[in-house]
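**Student:** My structure is in target_34.txt, and what it holds is compact mmCIF, C-alpha atoms:
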```txt
# COMPACT_ATOMS: atom_id res chain seq x y z
CA MET A 1 45.55 31.57 -48.14
CA MET A 2 42.91 29.60 -50.04
CA LYS A 3 43.25 26.79 -47.53
CA HIS A 4 42.54 29.18 -44.59
CA THR A 5 39.44 30.53 -46.29
CA ARG A 6 38.06 27.01 -46.83
CA SER A 7 38.69 26.05 -43.18
CA ALA A 8 36.93 29.19 -41.97
CA SER A 9 33.96 28.43 -44.16
CA ALA A 10 33.73 24.88 -42.88
CA VAL A 11 33.83 26.05 -39.23
CA ALA A 12 31.16 28.66 -39.92
CA ALA A 13 28.91 26.07 -41.54
CA LEU A 14 29.38 23.68 -38.62
CA LEU A 15 28.53 26.41 -36.11
CA ALA A 16 25.41 27.29 -38.04
CA VAL A 17 24.23 23.67 -37.97
CA LEU A 18 24.94 23.40 -34.24
CA LEU A 19 22.99 26.58 -33.55
CA LEU A 20 20.04 25.22 -35.47
CA LEU A 21 20.11 22.06 -33.41
CA LEU A 22 20.53 23.77 -30.05
CA VAL A 23 18.12 26.66 -30.34
CA PRO A 24 14.51 25.45 -30.00
CA SER A 25 12.35 26.40 -32.86
CA THR A 26 9.69 29.01 -32.34
CA ALA A 27 6.98 26.43 -32.87
CA ALA A 28 8.23 24.34 -29.93
CA ALA A 29 8.45 27.24 -27.48
CA GLN A 30 5.89 27.00 -24.71
CA THR A 31 5.30 29.05 -21.61
CA ARG A 32 5.28 27.15 -18.34
CA ALA A 33 4.34 28.14 -14.82
CA ALA A 34 5.11 26.36 -11.58
CA ALA A 35 4.12 26.57 -7.96
CA ARG A 36 6.67 25.16 -5.56
CA SER A 37 6.20 24.35 -1.88
CA ALA A 38 8.61 25.04 0.90
CA VAL A 39 10.40 21.98 2.19
CA ALA A 40 7.99 19.74 4.08
CA VAL A 41 9.41 17.20 6.50
CA THR A 42 7.88 13.79 7.01
CA ALA A 43 9.21 11.40 9.62
CA ALA A 44 8.46 7.81 10.48
CA GLY A 45 8.08 6.65 14.02
CA SER A 46 9.94 3.78 15.65
CA TRP A 47 8.99 0.91 17.88
CA GLY A 48 11.07 -1.27 20.13
CA ALA A 49 11.53 -2.29 23.75
CA VAL A 50 14.31 -3.76 25.79
CA ALA A 51 14.69 -5.43 29.15
CA ALA A 52 16.88 -3.58 31.65
CA PRO A 53 17.86 -3.93 35.29
CA VAL A 54 15.31 -2.47 37.68
CA GLY A 55 15.67 1.31 37.51
CA GLY A 56 18.72 0.93 35.26
CA ALA A 57 19.46 2.59 31.97
CA PRO A 58 18.16 0.62 29.00
CA VAL A 59 20.69 -0.35 26.35
CA ALA A 60 19.38 -1.13 22.88
CA GLY A 61 20.47 -4.52 21.63
CA ARG A 62 21.34 -5.91 25.03
CA SER A 63 19.61 -8.98 26.50
CA PHE A 64 18.85 -9.19 30.18
CA THR A 65 20.26 -12.19 32.01
CA ALA A 66 19.69 -13.72 35.42
CA SER A 67 21.32 -16.78 36.95
CA THR A 68 20.36 -19.16 39.67
CA SER A 69 22.14 -21.92 41.49
CA ALA A 70 21.17 -25.56 41.55
CA PHE A 71 18.31 -26.52 43.83
CA VAL A 72 17.23 -22.90 44.15
CA GLY A 73 14.22 -21.30 42.54
CA LEU A 74 14.58 -18.18 40.42
CA SER A 75 12.80 -14.95 41.19
CA GLN A 76 14.13 -12.02 39.22
CA ASP A 77 12.73 -8.58 38.63
CA PHE A 78 13.61 -6.50 35.60
CA ASP A 79 12.15 -3.57 33.72
CA VAL A 80 10.88 -3.35 30.18
CA VAL A 81 11.44 0.06 28.56
CA ASN A 82 9.83 1.38 25.40
CA LEU A 83 12.72 2.78 23.36
CA GLY A 84 10.57 3.80 20.38
CA THR A 85 8.60 6.91 19.56
CA LEU A 86 5.30 5.10 19.12
CA PRO A 87 3.08 3.79 21.88
CA LEU A 88 3.04 0.04 22.24
CA VAL A 89 0.02 -2.12 22.83
CA GLY A 90 2.12 -5.13 23.70
CA HIS A 91 5.30 -7.06 23.08
CA THR A 92 6.72 -10.56 23.30
CA PHE A 93 9.26 -12.03 25.72
CA GLN A 94 11.51 -14.89 24.81
CA ILE A 95 13.14 -16.32 27.92
CA ARG A 96 15.79 -18.87 27.16
CA THR A 97 17.56 -20.99 29.71
CA ASP A 98 21.15 -22.03 29.44
CA PRO A 99 22.00 -24.82 29.48
CA GLY A 100 18.91 -25.83 27.61
CA PHE A 101 16.85 -28.64 28.97
CA ALA A 102 14.83 -30.88 26.76
CA GLY A 103 11.09 -30.30 26.59
CA PRO A 104 9.27 -30.91 29.83
CA ARG A 105 12.53 -30.96 31.72
CA ASN A 106 12.89 -27.24 31.15
CA PRO A 107 12.36 -25.05 34.16
CA THR A 108 8.77 -23.94 34.43
CA LEU A 109 8.77 -20.18 34.07
CA THR A 110 6.14 -17.84 35.43
CA VAL A 111 6.03 -14.21 34.31
CA VAL A 112 4.14 -11.53 36.16
CA LEU A 113 4.02 -7.95 35.02
CA CYS A 114 3.57 -4.88 37.20
CA PRO A 115 2.34 -1.95 35.08
CA THR A 116 2.97 0.60 37.83
CA GLY A 117 6.46 -0.72 38.33
CA ALA A 118 6.04 -0.65 42.11
CA TRP A 119 6.52 -4.02 43.73
CA LYS A 120 5.99 -4.13 47.47
CA ALA A 121 6.50 -7.30 49.45
CA GLY A 122 6.11 -9.34 46.32
CA ARG A 123 2.87 -7.64 45.35
CA CYS A 124 2.34 -5.04 42.64
CA ALA A 125 0.77 -1.79 43.67
CA GLY A 126 -2.19 -1.26 41.38
CA GLY A 127 -2.52 -4.88 40.45
CA GLU A 128 -0.32 -7.31 38.65
CA VAL A 129 -0.85 -8.94 35.28
CA SER A 130 0.04 -12.58 34.89
CA LEU A 131 1.48 -13.52 31.53
CA GLY A 132 1.24 -17.20 32.32
CA THR A 133 3.37 -20.19 33.15
CA ASN A 134 5.13 -22.43 30.68
CA THR A 135 8.35 -24.22 29.83
CA SER A 136 8.72 -22.78 26.34
CA GLY A 137 9.73 -19.35 27.59
CA ASN A 138 7.49 -17.45 25.17
CA PHE A 139 5.21 -14.88 26.74
CA THR A 140 3.09 -12.15 25.24
CA SER A 141 2.07 -8.98 26.97
CA THR A 142 -0.85 -6.82 25.93
CA VAL A 143 -0.15 -4.12 28.46
CA PRO A 144 0.21 -0.69 26.78
CA LEU A 145 3.49 1.12 27.17
CA ALA A 146 3.99 4.75 26.20
CA PRO A 147 7.19 5.94 24.48
CA GLY A 148 9.92 6.18 27.09
CA GLY A 149 7.73 4.40 29.63
CA ARG A 150 8.72 1.37 31.65
CA TYR A 151 7.14 -1.28 33.78
CA SER A 152 8.44 -4.05 35.94
CA VAL A 153 8.39 -7.77 35.30
CA ASN A 154 9.09 -10.71 37.59
CA VAL A 155 10.20 -14.04 36.19
CA SER A 156 10.28 -16.99 38.53
CA THR A 157 10.75 -20.70 38.61
CA PRO A 158 10.01 -23.13 41.39
CA TRP A 159 12.79 -25.05 43.04
CA TYR A 160 14.89 -26.63 40.32
CA TRP A 161 17.54 -29.30 40.43
CA GLY A 162 20.03 -27.66 38.04
CA ALA A 163 21.78 -24.32 37.85
CA PHE A 164 20.85 -22.22 34.83
CA THR A 165 20.96 -18.75 33.36
CA SER A 166 17.87 -17.08 31.98
CA THR A 167 18.22 -14.71 29.05
CA VAL A 168 15.36 -12.34 28.35
CA ASN A 169 14.84 -10.89 24.88
CA VAL A 170 12.03 -8.52 23.99
CA SER A 171 10.47 -8.48 20.53
CA VAL A 172 8.12 -5.86 19.19
CA ALA A 173 6.30 -6.48 15.93
CA ARG A 174 4.04 -4.17 13.95
CA ASP A 175 1.04 -5.75 15.67
CA HIS A 176 2.33 -4.47 18.97
CA VAL A 177 2.28 -0.86 17.82
CA ARG A 178 -0.70 1.43 17.88
CA ALA A 179 -3.20 1.08 15.06
CA ALA A 180 -2.80 3.13 11.89
CA THR A 181 -4.40 6.56 11.87
CA LEU A 182 -5.80 8.94 9.30
CA THR A 183 -5.23 12.65 9.85
CA ASN A 184 -6.51 15.66 7.93
CA ASN A 185 -4.91 19.02 8.44
CA MET B 186 51.57 73.90 -71.89
CA ASP B 187 50.41 73.04 -68.40
CA ARG B 188 47.71 75.69 -68.55
CA ILE B 189 46.31 74.16 -71.72
CA LYS B 190 46.26 70.74 -70.09
CA MET B 191 44.43 72.10 -67.05
CA LYS B 192 41.86 73.85 -69.23
CA ASN B 193 41.14 70.63 -71.13
CA THR B 194 40.67 68.73 -67.91
CA LEU B 195 38.21 71.31 -66.60
CA ARG B 196 36.27 71.21 -69.86
CA ILE B 197 35.93 67.42 -69.73
CA GLY B 198 34.75 67.61 -66.08
CA ALA B 199 32.15 70.24 -66.86
CA VAL B 200 30.78 68.24 -69.78
CA ALA B 201 30.56 65.11 -67.62
CA LEU B 202 28.73 66.99 -64.87
CA ILE B 203 26.21 68.42 -67.30
CA GLY B 204 25.65 65.00 -68.82
CA LEU B 205 25.07 63.32 -65.48
CA SER B 206 22.60 66.04 -64.41
CA ALA B 207 20.64 65.58 -67.62
CA LEU B 208 20.55 61.80 -67.11
CA SER B 209 19.38 62.14 -63.52
CA ILE B 210 16.53 64.49 -64.43
CA GLY B 211 15.50 62.22 -67.28
CA ALA B 212 15.52 59.08 -65.09
CA ASN B 213 13.27 60.68 -62.43
CA GLY B 214 10.80 61.45 -65.07
CA VAL B 215 10.77 57.84 -66.25
CA TYR B 216 10.10 56.28 -62.72
CA ALA B 217 7.66 58.85 -61.32
CA THR B 218 4.49 57.13 -59.97
CA LEU B 219 1.46 57.71 -57.68
CA ASN B 220 1.40 56.33 -54.09
CA ALA B 221 -1.56 55.81 -51.73
CA LYS B 222 -1.57 54.67 -48.07
CA ALA B 223 -4.34 53.64 -45.62
CA THR B 224 -3.60 53.84 -41.90
CA ASN B 225 -5.89 52.79 -39.05
CA VAL B 226 -6.85 55.76 -36.95
CA THR B 227 -6.93 53.82 -33.66
CA PRO B 228 -3.75 51.82 -33.09
CA GLN B 229 -4.36 48.10 -32.77
CA VAL B 230 -3.32 46.78 -29.39
CA ALA B 231 -1.74 43.34 -29.06
CA ASP B 232 -1.08 42.13 -25.53
CA SER B 233 0.76 38.99 -24.61
CA GLY B 234 -0.98 36.77 -22.08
CA THR B 235 0.37 35.54 -18.78
CA LEU B 236 0.58 32.09 -17.27
CA SER B 237 0.67 31.97 -13.51
CA LEU B 238 0.19 29.10 -11.09
CA THR B 239 -0.01 29.78 -7.38
CA MET B 240 -0.41 27.46 -4.42
CA ILE B 241 -1.89 28.20 -1.03
CA PRO B 242 -3.03 25.91 1.79
CA GLY B 243 -6.58 24.66 1.35
CA THR B 244 -9.30 26.11 3.53
CA GLY B 245 -8.53 25.22 7.14
CA SER B 246 -5.38 23.32 6.23
CA ALA B 247 -1.77 23.91 7.11
CA GLY B 248 -0.77 22.84 3.63
CA PHE B 249 2.78 21.62 3.42
CA GLY B 250 3.90 24.00 6.14
CA THR B 251 3.73 21.58 9.04
CA LYS B 252 5.81 18.52 9.70
CA ILE B 253 4.25 15.09 9.50
CA ASP B 254 5.69 13.26 12.43
CA ASN B 255 5.90 9.80 13.90
CA LEU B 256 4.20 7.85 11.12
CA ALA B 257 3.40 4.23 11.85
CA PRO B 258 2.88 1.69 9.07
CA GLY B 259 -0.55 2.23 7.56
CA ASP B 260 -0.79 5.85 8.68
CA VAL B 261 -2.19 8.34 6.20
CA SER B 262 -1.71 12.05 6.58
CA ASN B 263 -3.69 14.33 4.31
CA ARG B 264 -2.66 17.86 3.43
CA TYR B 265 -4.72 20.27 1.37
CA VAL B 266 -3.59 22.85 -1.14
CA ASP B 267 -5.36 25.03 -3.69
CA LEU B 268 -3.76 25.65 -7.06
CA THR B 269 -4.95 28.72 -8.95
CA ASN B 270 -4.33 29.44 -12.58
CA GLY B 271 -4.05 33.19 -12.01
CA GLY B 272 -2.80 34.27 -15.39
CA THR B 273 -4.72 35.28 -18.47
CA LEU B 274 -4.02 32.10 -20.41
CA ALA B 275 -5.60 28.71 -20.02
CA SER B 276 -3.23 25.91 -19.14
CA THR B 277 -2.64 22.29 -19.91
CA GLY B 278 -0.28 19.56 -18.79
CA LEU B 279 -0.80 19.94 -15.07
CA SER B 280 1.81 17.83 -13.32
CA LEU B 281 3.55 17.22 -10.01
CA ASP B 282 7.08 16.32 -9.15
CA VAL B 283 8.48 15.83 -5.68
CA VAL B 284 12.09 16.31 -4.70
CA ALA B 285 12.77 14.00 -1.77
CA THR B 286 15.93 13.85 0.29
CA GLY B 287 16.58 11.85 3.44
CA THR B 288 16.24 8.24 4.56
CA PRO B 289 16.51 6.04 1.43
CA SER B 290 14.08 3.40 2.68
CA LEU B 291 11.36 6.03 2.87
CA ILE B 292 12.02 7.17 -0.69
CA THR B 293 12.64 3.98 -2.65
CA ASP B 294 10.98 0.60 -2.27
CA GLY B 295 13.13 -2.43 -1.63
CA SER B 296 11.80 -5.88 -2.42
CA THR B 297 8.55 -4.88 -0.74
CA SER B 298 6.44 -1.73 -0.67
CA LYS B 299 8.15 0.18 2.08
CA ALA B 300 8.61 3.73 0.87
CA LEU B 301 6.26 6.63 1.51
CA ARG B 302 3.43 6.99 -0.99
CA VAL B 303 1.90 10.16 -2.35
CA THR B 304 -1.64 10.26 -3.69
CA VAL B 305 -3.30 13.35 -5.15
CA LYS B 306 -7.06 13.81 -5.44
CA SER B 307 -9.07 16.82 -6.45
CA CYS B 308 -12.46 18.13 -5.42
CA PRO B 309 -14.55 20.79 -7.17
CA VAL B 310 -15.37 22.38 -3.80
CA ALA B 311 -13.42 22.83 -0.60
CA TRP B 312 -12.53 19.61 1.18
CA ASP B 313 -14.13 18.82 4.50
CA LEU B 314 -11.17 18.56 6.83
CA THR B 315 -13.11 16.97 9.64
CA ASN B 316 -13.12 13.67 7.81
CA GLY B 317 -11.24 14.33 4.57
CA THR B 318 -14.28 14.02 2.33
CA CYS B 319 -15.41 15.87 -0.77
CA THR B 320 -19.06 16.73 -1.24
CA GLY B 321 -18.57 16.87 -4.99
CA THR B 322 -17.04 14.34 -7.31
CA THR B 323 -13.60 13.26 -6.20
CA LYS B 324 -11.07 12.72 -8.94
CA THR B 325 -7.85 10.80 -8.52
CA GLU B 326 -5.17 12.90 -10.17
CA ILE B 327 -2.18 10.81 -9.19
CA ALA B 328 -2.62 7.27 -7.90
CA ALA B 329 -0.50 6.19 -4.93
CA ALA B 330 3.11 6.37 -6.03
CA PRO B 331 6.36 5.88 -4.11
CA LEU B 332 8.40 9.03 -3.66
CA SER B 333 11.17 7.79 -5.94
CA SER B 334 8.76 7.63 -8.87
CA LEU B 335 7.80 11.26 -8.43
CA SER B 336 11.28 12.61 -9.00
CA ALA B 337 10.15 13.00 -12.61
CA ALA B 338 7.01 15.04 -13.27
CA ARG B 339 3.84 12.96 -13.13
CA ALA B 340 0.92 14.27 -15.18
CA PHE B 341 -2.49 14.63 -13.58
CA THR B 342 -4.74 11.96 -15.02
CA THR B 343 -8.10 13.70 -14.96
CA THR B 344 -7.60 17.44 -14.58
CA THR B 345 -5.29 18.00 -17.48
CA GLY B 346 -5.46 21.78 -17.44
CA LEU B 347 -7.00 24.81 -15.81
CA THR B 348 -9.05 27.55 -17.35
CA VAL B 349 -8.27 31.17 -16.54
CA GLY B 350 -8.90 31.77 -12.85
CA ALA B 351 -9.74 28.13 -12.16
CA ILE B 352 -8.85 26.62 -8.78
CA SER B 353 -7.83 23.01 -8.30
CA ARG B 354 -8.51 21.93 -4.75
CA LEU B 355 -6.17 19.10 -3.93
CA GLN B 356 -5.90 16.53 -1.20
CA VAL B 357 -2.32 15.29 -1.04
CA SER B 358 -2.05 12.07 0.95
CA ILE B 359 1.24 10.89 2.38
CA SER B 360 1.13 7.32 3.61
CA LEU B 361 3.52 4.80 5.01
CA PRO B 362 2.54 1.40 3.62
CA ASP B 363 1.52 -1.16 6.18
CA GLN B 364 4.49 -3.40 6.71
CA SER B 365 5.87 -5.73 9.30
CA GLU B 366 9.12 -5.00 11.03
CA THR B 367 10.09 -6.74 14.22
CA THR B 368 12.60 -5.20 16.55
CA LEU B 369 14.65 -7.28 18.96
CA ASN B 370 15.70 -5.61 22.17
CA GLY B 371 14.99 -2.24 20.63
CA VAL B 372 17.09 -2.78 17.50
CA ALA B 373 15.36 -2.45 14.14
CA PRO B 374 16.25 -4.69 11.18
CA VAL B 375 18.57 -3.56 8.41
CA GLY B 376 16.89 -1.24 5.92
CA THR B 377 14.28 -0.19 8.42
CA VAL B 378 11.85 2.61 7.80
CA GLN B 379 11.74 3.35 11.50
CA GLY B 380 12.94 6.70 12.73
CA GLY B 381 13.60 7.85 9.17
CA SER B 382 12.92 11.34 7.88
CA VAL B 383 12.54 12.89 4.46
CA SER B 384 12.36 16.48 3.24
CA LEU B 385 9.89 16.98 0.44
CA THR B 386 9.50 19.81 -2.03
CA TYR B 387 6.36 19.66 -4.12
CA SER B 388 6.33 21.37 -7.53
CA PHE B 389 3.14 21.70 -9.51
CA THR B 390 3.65 22.76 -13.10
CA GLU B 391 1.38 23.77 -15.95
CA ALA B 392 2.03 24.71 -19.55
CA GLN B 393 0.16 27.14 -21.76
CA ALA B 394 -2.72 25.65 -23.65
CA SER B 395 -2.14 25.09 -27.37
CA PRO B 396 -1.53 28.29 -29.36
CA ALA B 397 -4.68 29.49 -31.06
CA THR B 398 -5.31 31.11 -34.42
CA THR B 399 -8.30 33.46 -34.45
CA ASN B 400 -10.13 34.96 -37.43
CA ARG B 401 -12.33 38.01 -36.94
```
Just give me the structure as structure tokens.
**Tutor:**
Amino acid sequence: MMKHTRSASAVAALLAVLLLLLVPSTAAAQTRAAARSAVAVTAAGSWGAVAAPVGGAPVAGRSFTASTSAFVGLSQDFDVVNLGTLPLVGHTFQIRTDPGFAGPRNPTLTVVLCPTGAWKAGRCAGGEVSLGTNTSGNFTSTVPLAPGGRYSVNVSTPWYWGAFTSTVNVSVARDHVRAATLTNN
Amino acid sequence: MDRIKMKNTLRIGAVALIGLSALSIGANGVYATLNAKATNVTPQVADSGTLSLTMIPGTGSAGFGTKIDNLAPGDVSNRYVDLTNGGTLASTGLSLDVVATGTPSLITDGSTSKALRVTVKSCPVAWDLTNGTCTGTTKTEIAAAPLSSLSAARAFTTTTGLTVGAISRLQVSISLPDQSETTLNGVAPVGTVQGGSVSLTYSFTEAQASPATTNR
């Protein structure tokens, strides 16, 4: 009986201490007020382009390839499609030939861009834009391209002694995306 | 025999009753005193104050009600809100926290500054939304901070509290840090910020100014 009474007293004392610790003191109580917004959504844009067959569906991550036989020049049209949500002010082509040829023995590549996408008898309606001629295969376009837009490109080589396959990759860096903007609303 | 016993018992009871009555009368006489009381005629009124913080879009602004879309690196989008301390108590400890959910790369920086930044500035008069300028003295309340760092309340650095009825006119800037990401054939690198989206809930909080003791 005595033992039970002692246990009860100990439990009561423990509870009292816990209550003192858990309940904030009157001195610490402070009124607070808050103003909360509704959920606001912020989204980032995207930038990227890909080469695709003329008029064909673009597939992200896929290179465009074209082959030619020995002793025949290459003349291949393809499209470049803006897959992003931001307008582009340019992009870079890397055209690699396989098998690779050393330095000056590489096929000389010429890239011509048709912004309207309408070639007719080898000429671009509205005027074509030459991206140059070289053996490195690196070309840079500064032709704007709206989201979802496409234009046509022709890559060509003169007569060449070997057969080869050209692989076209399209790179888009931050510099190829529209300039940053400041909006107030 | 029983009758005698009963009679004795009654006698003892009566004597005890008489004794107790005498004692009670005597005691009252000993403790009798005079009392006086003063009462105010008009009841004193004691009202508790209120603390209230409200937020509305700044003049001409959509506030946080419209989506910010298609951000490119380096873009800054300003939104304007007015906070009003509408209660009857002055406040202190003005702070902001932002609950952000969505694309992790827009919330938390990786090895570089990639995540969205929030900056808060205040102006004593309404902001000019045509160019985002303040004709008064602009104060930076919260320097540019990535969203992840605002999950805990961040105290305003200059406007620490609001007087009763005061309005804090805020410009809240959301920016995507300028950064370089190169896509190859339309595919973005791992951990990209591109195409990401976050949902943000802004909470501004104030606390009552220190309790005051008055003497009048």
**Student:** Tell me which protein, DNA and RNA residues are within 9 Å of Phe93 in chain A, counting only C-alpha atoms, leaving out same-chain ones fewer than 6 positions away, and put them as a PyMOL selection string.
**Tutor:** chain A and resi 137-141+168-171
**Student:** For chain A against chain B, with a cut-off of 10 Å and counting only C-alpha atoms, what is the closest atom pair and its distance in Å to one decimal for every residue that makes the cut, ordered by chain and number, as CSV?
**Tutor:**
```
residue,atom,partner,partner_atom,distance
A:Ala27,CA,B:Pro396,CA,9.4
A:Gln30,CA,B:Gln393,CA,6.4
A:Thr31,CA,B:Gln393,CA,5.5
A:Arg32,CA,B:Ala392,CA,4.2
A:Ala33,CA,B:Glu391,CA,5.4
A:Ala34,CA,B:Thr390,CA,4.2
A:Ala35,CA,B:Phe389,CA,5.2
A:Arg36,CA,B:Ser388,CA,4.3
A:Ser37,CA,B:Tyr387,CA,5.2
A:Ala38,CA,B:Thr386,CA,6.1
A:Val39,CA,B:Thr386,CA,4.8
A:Ala40,CA,B:Leu385,CA,4.9
A:Val41,CA,B:Ser384,CA,4.5
A:Thr42,CA,B:Ile253,CA,4.6
A:Ala43,CA,B:Ser382,CA,4.1
A:Ala44,CA,B:Leu256,CA,4.3
A:Gly45,CA,B:Asn255,CA,3.8
A:Ser46,CA,B:Gln379,CA,4.5
A:Trp47,CA,B:Thr368,CA,7.2
A:Gly48,CA,B:Gly371,CA,4.1
A:Ala49,CA,B:Gly371,CA,4.7
A:Val50,CA,B:Asn370,CA,4.3
A:Ala51,CA,B:Asn370,CA,7.1
A:Ala52,CA,B:Asn370,CA,9.8
A:Pro58,CA,B:Gly371,CA,9.4
A:Val59,CA,B:Gly371,CA,8.3
A:Ala60,CA,B:Gly371,CA,5.1
A:Gly61,CA,B:Asn370,CA,4.9
A:Arg62,CA,B:Asn370,CA,6.3
A:Ser63,CA,B:Asn370,CA,6.7
A:Phe64,CA,B:Asn370,CA,9.3
A:Val80,CA,B:Asn370,CA,9.6
A:Val81,CA,B:Gly371,CA,9.0
A:Asn82,CA,B:Gly371,CA,7.9
A:Leu83,CA,B:Gly371,CA,6.1
A:Gly84,CA,B:Gly371,CA,7.5
A:Thr85,CA,B:Asn255,CA,6.9
A:Leu86,CA,B:Asn255,CA,7.0
A:His91,CA,B:Thr368,CA,10.0
A:Thr92,CA,B:Leu369,CA,9.6
A:Phe93,CA,B:Asn370,CA,9.8
A:Val168,CA,B:Asn370,CA,9.1
A:Asn169,CA,B:Asn370,CA,6.0
A:Val170,CA,B:Asn370,CA,5.0
A:Ser171,CA,B:Leu369,CA,4.6
A:Val172,CA,B:Thr368,CA,5.2
A:Ala173,CA,B:Thr367,CA,4.2
A:Arg174,CA,B:Ser365,CA,5.2
A:Asp175,CA,B:Ser365,CA,8.0
A:His176,CA,B:Thr367,CA,9.4
A:Val177,CA,B:Ala257,CA,7.9
A:Arg178,CA,B:Ala257,CA,7.8
A:Ala179,CA,B:Ala257,CA,8.0
A:Ala180,CA,B:Asp260,CA,4.7
A:Thr181,CA,B:Asp260,CA,4.9
A:Leu182,CA,B:Val261,CA,4.8
A:Thr183,CA,B:Ser262,CA,4.8
A:Asn184,CA,B:Asn263,CA,4.8
A:Asn185,CA,B:Ser246,CA,4.9
```
**Student:** Would you work out the distance separating CA of Val89 in chain A from CA of Ile292 in chain B, expressed in Å to one decimal?
**Tutor:** 28.0 Å
**Student:** Which one of B:Arg302, B:Ala329, B:Ser290, B:Gly271 sits closest to Pro374 in chain B if you count all atoms listed in the file?
**Tutor:**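 Answer, going by the shortest atom-to-atom distance: B:Ser290.
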**Student:** What is the CA of Val153 in chain A to CA of Gly117 in chain A distance in Å?
**Tutor:**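 Computing the Euclidean distance for CA of Val153 in chain A and CA of Gly117 in chain A yields 7.9 Å.
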**Student:** Interatomic distance between CA of Thr304 in chain B and CA of Thr325 in chain B?
**Tutor:**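 Atom-to-atom, CA of Thr304 in chain B and CA of Thr325 in chain B are spaced 7.9 Å apart.
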**Student:** Using all atoms listed in the file, determine which residues lie at most 8 Å from Thr157 in chain A, disregarding the query and same-chain residues fewer than 5 positions distant; provide the list as a list of chain:residue names.
**Tutor:**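 My list of contacting residues is A:Gly73, A:Leu74, A:Ser75, A:Pro107, A:Thr108, A:Leu109, A:Thr110.
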**Student:** Create the file for the chosen residues now, containing C-alpha atoms and written as a compact mmCIF listing (two decimals), in the frame of the given file.
**Tutor:**
```txt
# COMPACT_ATOMS: atom_id res chain seq x y z
CA GLY A 73 14.22 -21.30 42.54
CA LEU A 74 14.58 -18.18 40.42
CA SER A 75 12.80 -14.95 41.19
CA PRO A 107 12.36 -25.05 34.16
CA THR A 108 8.77 -23.94 34.43
CA LEU A 109 8.77 -20.18 34.07
CA THR A 110 6.14 -17.84 35.43
```
**Student:** Please list as number ranges by chain every residue within 7 Å of Ala163 in chain A, counting all atoms listed in the file and excluding residues in the same chain fewer than 3 positions away.
**Tutor:** A: 68-70
**Student:** Which one is closest to Ser166 in chain A: A:Pro99, A:Gly55, A:Pro144, A:Gly132? Count only C-alpha atoms.
**Tutor:**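 Answer, going by the shortest atom-to-atom distance: A:Pro99.
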**Student:** Between B:Cys319, B:Ile197, B:Leu332, B:Ala275, which has the minimum distance to Asp294 in chain B (counting all atoms listed in the file)?
**Tutor:**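 Distance minimum relative to Asp294 in chain B lands on B:Leu332.
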**Student:** Show which residues sit within 9 Å of Ser130 in chain A, as a list in words. Count all atoms listed in the file, and ignore same-chain residues fewer than 3 positions away.
**Tutor:**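 Here the answer would be Thr110, Val111, Val112, Leu113, Cys114, Thr133 and Ser141 of chain A.
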**Student:** For Leu145 in chain A, which of A:Trp159, A:Thr116, A:Thr97, A:Gly126 is the closest residue, counting all atoms listed in the file?
**Tutor:**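 Closest to Leu145 in chain A, using all atoms listed in the file: A:Thr116.
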